[in-house]
Amino acid sequence: MPQVKIIAKNFMDMVASLSAIKLDKLYDNAFICEAILRSLPPLAKKYVLQMLYIDVPVSTKLMEEWVLADGLSKHNVAIDRLIQLRVLIKTVDRKKEVTYKLNPTFQVNLQKHVAHGGVLPRESMPSNITVRLPSLEDLEAYASEQWESFLLHLISSAQAERTTNFSSSMMKIFQRGLLSQREKEAPKLTESGFQFLLMDTNAQLWYIIREYITNSEERGVDSADLISFLLELSFHVTGEAYNMNSLTDIQISVITDLADLGLVKLQQGRKDSWFIPTKLATNLSISLSDLSSRKQGFVVVETNFRVYAYSSSKLHCEILRLFSRVEYQLPNLVVAAITKESLYNAFENGIMAEQIIFFLQQNAHPRVADRVPSVPENVTDQIRLWESDMNRVEMTPAHLYDEFPSRDVFDAACDFVRGYEGLLWEDSKKMRVVVKAEMHMHMREFLRSQKK
């Protein structure tokens, strides 16, 4: 069974992949410099702030003296990260001594930001123009509804409770790895798509944003400009309204795409239109590992493999169907059973046992979330065992040879294929041997040569 794994990078991984020219262009924005500083490991932050007003290169030996002996591994991780992001520039002199210096563009803009603070390119609109702005609770509900609609569209567009008009940019992201479509057939989830649905919301968001940035060049949008705007967006205030007239045409297109995912809410007044960032947008500059606040879970798993999902969400029900048999559904309760057949179906679709277990643990109901373990061990062990059953037999194309004319020819043939690591099985008593399919022609030539 093929094993597919999605890696949902965070923004700083995307930034680190940019060319040196694009990174320097990115660091012209003071807010980007602050976002980079926020994302760094603690020791890397310390180095940046310690070197912020040092204009001469700092030697490796001197930097190593800034940490205790047992912190050398963390020191190396911090230096590697700073070099990847081109925050530190490494130089080697004629004496082969390594020195480090802060990126001049990054250093100057961060100095200005630290000394004077920063002002966003756009200010929030006055309340007398933007009447009836949604409350923070309403905005969070809107973001959840949009994200759920997006995920339901992935599972089946017919199951979305209201029509979804996703932009062509978003559809390309779906088709890039989450959906596949053959001629005259409805789109189907790929193995990556099934795995994507079991991720937590933050990991899903990073994956979508990563793909959105990756194919930006195809839409005629510079990836550095896009990253700059998205990171800048994370400094806006959740729930405040910002005028759409302050955006460029490309930024308006990006905002429209983000509205599909629930990162912003669009509203129209008599004369002006504006966008309102949700928490999903303002969390963009935070690294994935920092988003540790977990939402309230809804799943209870019992030792008899019964699953009780206390939720009225259609999406939750559809996700449970990916690996369990839904037995009945009440207005706020879904009862399902994890069976061998339902898990085999999940494994065939590319979902792995550890992903199912992680989903159940991450979404454990508050009444069981504090238990250790939150999912009964007999259930998790059995899920892993059923997965190992699927991988127990490995199919290898092969050829069987028997009726050798003599023991000497049989032994010589075995030695021949064994030398090429093509021997799969041999029965010396009955003089039978099984070899890999790619060895078949070589084996035939060898046996012909033995006849001569």
# chains A, B, ... in the order shown; residues from 1 in each chain; ligands from 1
$ residues_around --residues "Ile21 in chain A" --least-positions-apart "4" --cutoff "12 Å" --atoms "only C-alpha atoms" --output "VMD selection string"
chain A and resid 15 to 17 25 to 28 85 to 86 103 105 224
$ write_last_selection --atoms "N, CA, C and O atoms" --output "PDB file, in the first residue's frame"
ATOM      1  N   VAL A  15       9.453  31.379   3.564  1.00  0.00           N
ATOM      2  CA  VAL A  15      10.358  32.523   3.457  1.00  0.00           C
ATOM      3  C   VAL A  15      11.791  32.041   3.216  1.00  0.00           C
ATOM      4  O   VAL A  15      12.503  32.566   2.360  1.00  0.00           O
ATOM      5  N   ALA A  16      12.202  31.002   3.944  1.00  0.00           N
ATOM      6  CA  ALA A  16      13.570  30.490   3.826  1.00  0.00           C
ATOM      7  C   ALA A  16      13.858  29.934   2.437  1.00  0.00           C
ATOM      8  O   ALA A  16      15.017  29.894   2.012  1.00  0.00           O
ATOM      9  N   SER A  17      12.818  29.514   1.712  1.00  0.00           N
ATOM     10  CA  SER A  17      13.020  28.937   0.378  1.00  0.00           C
ATOM     11  C   SER A  17      13.181  29.990  -0.715  1.00  0.00           C
ATOM     12  O   SER A  17      13.491  29.663  -1.856  1.00  0.00           O
ATOM     13  N   LYS A  25      14.433  41.954  -0.647  1.00  0.00           N
ATOM     14  CA  LYS A  25      13.278  42.776  -1.009  1.00  0.00           C
ATOM     15  C   LYS A  25      12.196  42.673   0.072  1.00  0.00           C
ATOM     16  O   LYS A  25      11.544  43.659   0.429  1.00  0.00           O
ATOM     17  N   LEU A  26      12.039  41.475   0.628  1.00  0.00           N
ATOM     18  CA  LEU A  26      11.041  41.231   1.674  1.00  0.00           C
ATOM     19  C   LEU A  26      11.384  42.020   2.940  1.00  0.00           C
ATOM     20  O   LEU A  26      10.505  42.562   3.605  1.00  0.00           O
ATOM     21  N   TYR A  27      12.672  42.091   3.242  1.00  0.00           N
ATOM     22  CA  TYR A  27      13.108  42.747   4.480  1.00  0.00           C
ATOM     23  C   TYR A  27      13.062  44.269   4.409  1.00  0.00           C
ATOM     24  O   TYR A  27      13.392  44.944   5.390  1.00  0.00           O
ATOM     25  N   ASP A  28      12.644  44.818   3.267  1.00  0.00           N
ATOM     26  CA  ASP A  28      12.412  46.264   3.176  1.00  0.00           C
ATOM     27  C   ASP A  28      11.206  46.673   4.010  1.00  0.00           C
ATOM     28  O   ASP A  28      11.032  47.850   4.317  1.00  0.00           O
ATOM     29  N   LEU A  85      17.218  31.871   6.730  1.00  0.00           N
ATOM     30  CA  LEU A  85      16.365  33.033   6.500  1.00  0.00           C
ATOM     31  C   LEU A  85      17.160  34.243   6.021  1.00  0.00           C
ATOM     32  O   LEU A  85      16.592  35.320   5.836  1.00  0.00           O
ATOM     33  N   ARG A  86      18.466  34.084   5.872  1.00  0.00           N
ATOM     34  CA  ARG A  86      19.369  35.165   5.443  1.00  0.00           C
ATOM     35  C   ARG A  86      19.309  36.361   6.399  1.00  0.00           C
ATOM     36  O   ARG A  86      19.542  37.498   6.002  1.00  0.00           O
ATOM     37  N   ASN A 103      22.029  40.706   8.262  1.00  0.00           N
ATOM     38  CA  ASN A 103      21.670  41.226   6.947  1.00  0.00           C
ATOM     39  C   ASN A 103      21.429  42.738   7.075  1.00  0.00           C
ATOM     40  O   ASN A 103      20.591  43.168   7.865  1.00  0.00           O
ATOM     41  N   THR A 105      19.897  45.058   5.324  1.00  0.00           N
ATOM     42  CA  THR A 105      18.517  45.513   5.093  1.00  0.00           C
ATOM     43  C   THR A 105      17.645  45.153   6.289  1.00  0.00           C
ATOM     44  O   THR A 105      16.867  45.974   6.782  1.00  0.00           O
ATOM     45  N   ALA A 224       7.336  36.679  -3.400  1.00  0.00           N
ATOM     46  CA  ALA A 224       7.819  37.532  -2.310  1.00  0.00           C
ATOM     47  C   ALA A 224       6.781  38.590  -1.951  1.00  0.00           C
ATOM     48  O   ALA A 224       6.545  38.881  -0.773  1.00  0.00           O
TER      49      ALA A 224
END
$ atom_distance --atom1 "CA of Asp13 in chain A" --atom2 "CA of Met51 in chain A"
23.0 Å
$ residues_around --residues "Ser253 in chain A" --least-positions-apart "6" --cutoff "12 Å" --atoms "only C-alpha atoms" --output "list in words"
Ser167, Ser168, Ser169, Met170, Ser216, Arg219, Gly220, Val221, Leu226, Phe229, Met244, Leu247, Ala259 and Asp260 of chain A
$ select_by_dssp --residues "range 188-413 of chain A" --states "alpha helix (DSSP H)" --output "VMD selection string"
chain A and resid 191 to 197 201 to 214 223 to 233 249 to 261 279 to 282 314 to 321 340 to 348 353 to 362 366 to 369 377 to 390 407 to 413
$ residues_around --residues "Arg448 in chain A" --least-positions-apart "3" --cutoff "12 Å" --atoms "only C-alpha atoms" --output "list in words"
Phe404, Pro405, Val409, Ala413, Met441, His442, Met443, Arg444, Glu445, Lys451 and Lys452 of chain A
$ closest_residue --among "A:Tyr53, A:Trp274, A:Phe298, A:Trp147" --to "Val368 in chain A" --atoms "only C-alpha atoms"
A:Phe298
$ closest_residue --among "A:Pro331, A:Pro277, A:Pro104, A:Gly117" --to "Glu240 in chain A" --atoms "only C-alpha atoms"
A:Pro277
$ select_by_dssp --residues "range 18-188 of chain A" --states "strand (DSSP E)" --output "number ranges by chain"
A: 58-59, 88-92, 98-102, 179-180, 188
$ residues_around --residues "Leu102 in chain A" --least-positions-apart "5" --cutoff "7 Å" --atoms "only C-alpha atoms" --output "VMD selection string"
chain A and resid 87 to 89 107
$ atom_distance --atom1 "CA of Phe305 in chain A" --atom2 "CA of Ser374 in chain A"
13.4 Å
$ atom_distance --atom1 "CA of Ser124 in chain A" --atom2 "CA of Phe235 in chain A"
12.0 Å
